[in-house]
Structures are given as structure tokens and as C-alpha cells.
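A.B. asks: My structure is in upload_8.pdb, and what it holds is PDB, C-alpha atoms:
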ATOM      1  CA  MET A   6      17.092  73.508 -15.725  1.00  0.00           C
ATOM      2  CA  ARG A   7      14.683  76.425 -15.657  1.00  0.00           C
ATOM      3  CA  ASN A   8      12.106  76.913 -12.949  1.00  0.00           C
ATOM      4  CA  ASP A   9       9.591  78.793 -15.100  1.00  0.00           C
ATOM      5  CA  PRO A  10       6.159  77.130 -14.883  1.00  0.00           C
ATOM      6  CA  ILE A  11       5.853  76.810 -18.652  1.00  0.00           C
ATOM      7  CA  TYR A  12       8.943  74.595 -18.810  1.00  0.00           C
ATOM      8  CA  ASN A  13       7.745  72.278 -16.069  1.00  0.00           C
ATOM      9  CA  ARG A  14       4.473  71.184 -17.664  1.00  0.00           C
ATOM     10  CA  GLY A  15       3.709  67.488 -17.701  1.00  0.00           C
ATOM     11  CA  TYR A  16       1.007  65.114 -18.816  1.00  0.00           C
ATOM     12  CA  ASP A  17      -1.440  66.412 -16.232  1.00  0.00           C
ATOM     13  CA  ASP A  18      -1.432  69.854 -17.843  1.00  0.00           C
ATOM     14  CA  GLY A  19      -2.936  68.645 -21.100  1.00  0.00           C
ATOM     15  CA  PHE A  20      -0.010  69.528 -23.348  1.00  0.00           C
ATOM     16  CA  ALA A  21       1.186  65.970 -23.779  1.00  0.00           C
ATOM     17  CA  ASP A  22      -2.309  64.527 -23.501  1.00  0.00           C
ATOM     18  CA  GLY A  23      -3.258  65.326 -27.086  1.00  0.00           C
ATOM     19  CA  ALA A  24      -3.160  61.670 -28.148  1.00  0.00           C
ATOM     20  CA  ASN A  25      -5.733  60.731 -25.494  1.00  0.00           C
ATOM     21  CA  GLN A  26      -7.968  63.623 -26.540  1.00  0.00           C
ATOM     22  CA  PHE A  27      -7.673  62.541 -30.167  1.00  0.00           C
ATOM     23  CA  ASP A  28      -8.649  58.966 -29.238  1.00  0.00           C
ATOM     24  CA  THR A  29     -11.706  60.271 -27.397  1.00  0.00           C
ATOM     25  CA  LEU A  30     -12.755  62.425 -30.359  1.00  0.00           C
ATOM     26  CA  PHE A  31     -12.157  59.541 -32.751  1.00  0.00           C
ATOM     27  CA  ALA A  32     -14.217  57.167 -30.587  1.00  0.00           C
ATOM     28  CA  GLU A  33     -17.014  59.766 -30.549  1.00  0.00           C
ATOM     29  CA  ALA A  34     -16.858  60.058 -34.339  1.00  0.00           C
ATOM     30  CA  ILE A  35     -17.158  56.291 -34.733  1.00  0.00           C
ATOM     31  CA  ALA A  36     -20.045  56.094 -32.239  1.00  0.00           C
ATOM     32  CA  ASN A  37     -21.842  59.006 -33.919  1.00  0.00           C
ATOM     33  CA  TYR A  38     -21.419  57.352 -37.312  1.00  0.00           C
ATOM     34  CA  MET A  39     -22.948  54.124 -36.004  1.00  0.00           C
ATOM     35  CA  VAL A  40     -25.916  55.979 -34.478  1.00  0.00           C
ATOM     36  CA  VAL A  41     -26.640  58.017 -37.616  1.00  0.00           C
ATOM     37  CA  GLU A  42     -26.112  55.104 -39.992  1.00  0.00           C
ATOM     38  CA  GLY A  43     -27.929  52.655 -37.725  1.00  0.00           C
ATOM     39  CA  THR A  44     -31.042  54.719 -37.085  1.00  0.00           C
ATOM     40  CA  GLY A  45     -31.242  55.604 -40.764  1.00  0.00           C
ATOM     41  CA  SER A  46     -31.017  52.040 -42.040  1.00  0.00           C
ATOM     42  CA  THR A  47     -33.196  49.831 -39.856  1.00  0.00           C
ATOM     43  CA  LEU A  48     -36.878  49.050 -39.603  1.00  0.00           C
ATOM     44  CA  SER A  49     -36.457  46.659 -36.679  1.00  0.00           C
ATOM     45  CA  GLY A  50     -34.272  48.877 -34.479  1.00  0.00           C
ATOM     46  CA  ASN A  51     -31.332  46.456 -34.757  1.00  0.00           C
ATOM     47  CA  ARG A  52     -28.148  47.178 -36.715  1.00  0.00           C
ATOM     48  CA  ILE A  53     -24.940  45.168 -36.772  1.00  0.00           C
ATOM     49  CA  PHE A  54     -21.644  46.849 -37.679  1.00  0.00           C
ATOM     50  CA  ASP A  55     -18.832  44.455 -38.565  1.00  0.00           C
ATOM     51  CA  PHE A  56     -15.427  45.534 -37.329  1.00  0.00           C
ATOM     52  CA  ASP A  57     -14.168  45.275 -40.923  1.00  0.00           C
ATOM     53  CA  GLU A  58     -16.867  47.740 -42.025  1.00  0.00           C
ATOM     54  CA  ILE A  59     -15.820  50.260 -39.343  1.00  0.00           C
ATOM     55  CA  CYS A  60     -12.116  49.833 -40.112  1.00  0.00           C
ATOM     56  CA  GLU A  61     -12.713  50.334 -43.823  1.00  0.00           C
ATOM     57  CA  HIS A  62     -14.962  53.372 -43.351  1.00  0.00           C
ATOM     58  CA  PHE A  63     -12.534  55.129 -40.975  1.00  0.00           C
ATOM     59  CA  HIS A  64      -9.315  53.844 -42.592  1.00  0.00           C
ATOM     60  CA  ILE A  65      -8.012  52.287 -39.390  1.00  0.00           C
ATOM     61  CA  THR A  66      -6.548  48.915 -38.466  1.00  0.00           C
ATOM     62  CA  MET A  67      -8.249  46.264 -36.391  1.00  0.00           C
ATOM     63  CA  LYS A  68      -5.651  46.936 -33.669  1.00  0.00           C
ATOM     64  CA  GLN A  69      -6.634  50.619 -33.548  1.00  0.00           C
ATOM     65  CA  LEU A  70     -10.322  49.700 -33.340  1.00  0.00           C
ATOM     66  CA  GLU A  71      -9.580  47.199 -30.591  1.00  0.00           C
ATOM     67  CA  ALA A  72      -7.934  49.956 -28.546  1.00  0.00           C
ATOM     68  CA  LEU A  73     -11.018  52.184 -28.936  1.00  0.00           C
ATOM     69  CA  LYS A  74     -13.743  49.548 -28.413  1.00  0.00           C
ATOM     70  CA  ASP A  75     -14.423  50.161 -24.716  1.00  0.00           C
ATOM     71  CA  GLU A  76     -14.622  53.912 -25.203  1.00  0.00           C
ATOM     72  CA  ILE A  77     -16.903  53.516 -28.230  1.00  0.00           C
ATOM     73  CA  VAL A  78     -19.246  51.272 -26.230  1.00  0.00           C
ATOM     74  CA  ALA A  79     -19.356  53.756 -23.338  1.00  0.00           C
ATOM     75  CA  ILE A  80     -20.247  56.570 -25.740  1.00  0.00           C
ATOM     76  CA  LEU A  81     -22.888  54.453 -27.493  1.00  0.00           C
ATOM     77  CA  GLU A  82     -24.478  53.539 -24.162  1.00  0.00           C
ATOM     78  CA  SER A  83     -24.857  57.234 -23.342  1.00  0.00           C
ATOM     79  CA  LYS A  84     -26.702  58.030 -26.597  1.00  0.00           C
ATOM     80  CA  PRO A  85     -30.483  58.527 -26.241  1.00  0.00           C
ATOM     81  CA  GLN A  86     -31.089  56.617 -29.491  1.00  0.00           C
ATOM     82  CA  VAL A  87     -29.544  53.424 -28.089  1.00  0.00           C
ATOM     83  CA  CYS A  88     -31.738  51.205 -25.923  1.00  0.00           C
ATOM     84  CA  ASP A  89     -30.465  51.876 -22.410  1.00  0.00           C
ATOM     85  CA  THR A  90     -27.294  50.011 -21.408  1.00  0.00           C
ATOM     86  CA  ASP A  91     -28.584  46.744 -22.877  1.00  0.00           C
ATOM     87  CA  GLY A  92     -28.599  48.128 -26.411  1.00  0.00           C
ATOM     88  CA  VAL A  93     -24.950  47.410 -27.233  1.00  0.00           C
ATOM     89  CA  TRP A  94     -23.345  43.992 -27.642  1.00  0.00           C
ATOM     90  CA  ILE A  95     -19.913  43.121 -28.913  1.00  0.00           C
ATOM     91  CA  ASP A  96     -18.794  39.765 -30.187  1.00  0.00           C
ATOM     92  CA  GLU A  97     -15.470  38.809 -31.751  1.00  0.00           C
ATOM     93  CA  LYS A  98     -16.220  40.571 -35.045  1.00  0.00           C
ATOM     94  CA  SER A  99     -19.023  43.119 -34.673  1.00  0.00           C
ATOM     95  CA  PHE A 100     -20.952  45.726 -32.736  1.00  0.00           C
ATOM     96  CA  ASN A 101     -24.632  44.824 -32.385  1.00  0.00           C
ATOM     97  CA  LEU A 102     -26.831  47.818 -31.576  1.00  0.00           C
ATOM     98  CA  MET A 103     -30.495  48.151 -30.634  1.00  0.00           C
ATOM     99  CA  PHE A 104     -32.131  51.532 -31.188  1.00  0.00           C
ATOM    100  CA  PHE A 105     -35.416  52.909 -29.942  1.00  0.00           C
ATOM    101  CA  LEU A 106     -37.762  52.772 -32.930  1.00  0.00           C
ATOM    102  CA  ASN A 107     -38.915  56.369 -32.538  1.00  0.00           C
ATOM    103  CA  TYR A 108     -35.375  57.419 -33.603  1.00  0.00           C
ATOM    104  CA  CYS A 109     -35.349  55.175 -36.668  1.00  0.00           C
ATOM    105  CA  ASP A 110     -36.438  57.205 -39.667  1.00  0.00           C
ATOM    106  CA  VAL A 111     -36.633  54.583 -42.368  1.00  0.00           C
ATOM    107  CA  GLU A 112     -39.918  54.651 -44.226  1.00  0.00           C
ATOM    108  CA  GLU A 113     -41.589  51.386 -45.051  1.00  0.00           C
TER     109      GLU A 113
END
Now that the file is in, can you turn its structure into C-alpha cells?
C.D. replies:
Amino acid sequence: MRNDPIYNRGYDDGFADGANQFDTLFAEAIANYMVVEGTGSTLSGNRIFDFDEICEHFHITMKQLEALKDEIVAILESKPQVCDTDGVWIDEKSFNLMFFLNYCDVEE
């Protein structure tokens, strides 16, 4: 076995951590989609996204969405458009989001 540093890289170096980075980017993409779509399609500030709708839009399985749910919620809670940490609810089949109305750009 070689002792060169390049041959001794592990998960902590980021080489083998690409799957985790992809999951984070994918969760961000889903959260961003929900913010853009949600603020652009509500007069009340509330928008519900069914899991089936998200799976169909992103061409993923329910199992894949289930694995990303916690990360998606954490990202959503950090968005300025979402009402504080109480603006995201999850039930068995949907994300329920509350947005600040000043971010909602739907004309009456």
C-alpha cells in the first residue's frame, strides 16, 4: 500500500462525499422551487405541495423524497419568504407552507 497522501483520502476529505453534496443541492432545488412556485401562486400566503406533486415535478420516488424531507424543511425554514420557523408543516402526504404576504406577487 502506498503512503502518498492522495491515496489515503477518505470520506472526510470530500472525495467520497459527493452523494451527500448532491442530496443537499437537490434538497435546495426542491425548497427553492416551492418558494418560487408558492409565492407566485397564492393570495393568502398559504400553499400546500403534495408529495406526489413534488415527486412528479422532480422525477423522484416517494422514498427519495422521504430521505430529503428533513433537509428540505430546514432549508425552507431558513428562507426569508417563509413565516419564521412556524411557516412549514408536514403531514403524511404534503408540505404546508405559509409565506409572508409581501413576498407573494400574485395580483388580484
A.B. asks: For Tyr38 of chain A, which residue among A:Cys88, A:Ile65, A:Ile59, A:Leu70 is the nearest when counting all atoms listed in the file?
C.D. replies: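 Checking each of A:Cys88, A:Ile65, A:Ile59, A:Leu70 against Tyr38 of chain A, counting all atoms listed in the file, the winner is A:Ile59.
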A.B. asks: Selection in question (the file shown): the PyMOL selection byres ((chain A and resi 100) around 10). Which residues does it include, as a CSV table (one decimal) with C-alpha atoms, in the frame of the given file?
C.D. replies:
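As a result, expr_25.csv now contains:
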chain,number,residue,atom,x,y,z
A,39,MET,CA,-22.9,54.1,-36.0
A,52,ARG,CA,-28.1,47.2,-36.7
A,53,ILE,CA,-24.9,45.2,-36.8
A,54,PHE,CA,-21.6,46.8,-37.7
A,55,ASP,CA,-18.8,44.5,-38.6
A,56,PHE,CA,-15.4,45.5,-37.3
A,59,ILE,CA,-15.8,50.3,-39.3
A,74,LYS,CA,-13.7,49.5,-28.4
A,77,ILE,CA,-16.9,53.5,-28.2
A,78,VAL,CA,-19.2,51.3,-26.2
A,93,VAL,CA,-25.0,47.4,-27.2
A,94,TRP,CA,-23.3,44.0,-27.6
A,95,ILE,CA,-19.9,43.1,-28.9
A,96,ASP,CA,-18.8,39.8,-30.2
A,97,GLU,CA,-15.5,38.8,-31.8
A,98,LYS,CA,-16.2,40.6,-35.0
A,99,SER,CA,-19.0,43.1,-34.7
A,101,ASN,CA,-24.6,44.8,-32.4
A,102,LEU,CA,-26.8,47.8,-31.6
A.B. asks: Can you pull out every residue within 10 Å of Leu73 of chain A, counting all atoms listed in the file, but drop anything in the same chain fewer than 6 positions away, and send it as number ranges by chain?
C.D. replies: A: 28-29, 31-33, 35, 67
A.B. asks: Could you write out that same residue set with C-alpha atoms as a JSON list (two decimals), keeping the file's coordinate frame?
C.D. replies:
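Saved the output as result-v5.json:
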[["chain", "number", "residue", "atom", "x", "y", "z"],
["A", 28, "ASP", "CA", -8.65, 58.97, -29.24],
["A", 29, "THR", "CA", -11.71, 60.27, -27.40],
["A", 31, "PHE", "CA", -12.16, 59.54, -32.75],
["A", 32, "ALA", "CA", -14.22, 57.17, -30.59],
["A", 33, "GLU", "CA", -17.01, 59.77, -30.55],
["A", 35, "ILE", "CA", -17.16, 56.29, -34.73],
["A", 67, "MET", "CA", -8.25, 46.26, -36.39]]
A.B. asks: Mind checking which residues fall within 10 Å of Ala36 of chain A, counting only C-alpha atoms, ignoring those fewer than 6 positions away in the same chain, and posting them as number ranges by chain?
C.D. replies: A: 30, 42, 74, 76-82, 84
A.B. asks: Figure out the distance between atom CA of Tyr108 of chain A and atom CA of Gly92 of chain A, please, to one decimal in Å.
C.D. replies: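 The value is 13.6 Å.
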A.B. asks: Provide the atom CA of Gln86 of chain A to atom CA of Val40 of chain A distance in Å, to one decimal place.
C.D. replies: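 According to the coordinates, atom CA of Gln86 of chain A and atom CA of Val40 of chain A are separated by 7.2 Å.
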A.B. asks: Atom CA of Ser83 of chain A to atom CA of His62 of chain A: how many Å, to one decimal?
C.D. replies: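 Result for atom CA of Ser83 of chain A versus atom CA of His62 of chain A: 22.7 Å, one decimal.
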A.B. asks: Closest to Leu106 of chain A among A:Ala72, A:Leu48, A:Gln26, A:Asn37, using all atoms listed in the file?
C.D. replies: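 Ranked by minimum distance to Leu106 of chain A, first place goes to A:Leu48.
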A.B. asks: Give me the box for segment 107-111 of chain A as AutoDock Vina command-line options, namely the centre and edge lengths in Å to one decimal of a box along x, y and z that holds every listed atom plus 4 Å on each side.
C.D. replies:
--center_x -37.1 --center_y 56.0 --center_z -37.5 --size_x 11.6 --size_y 10.8 --size_z 17.8
A.B. asks: Find the residues around Thr47 of chain A up to 9 Å (only C-alpha atoms counted), leave out those fewer than 3 positions away in its own chain, and share them as a ChimeraX atom specification.
C.D. replies: /A:42-44,50-52,104,106,109-111
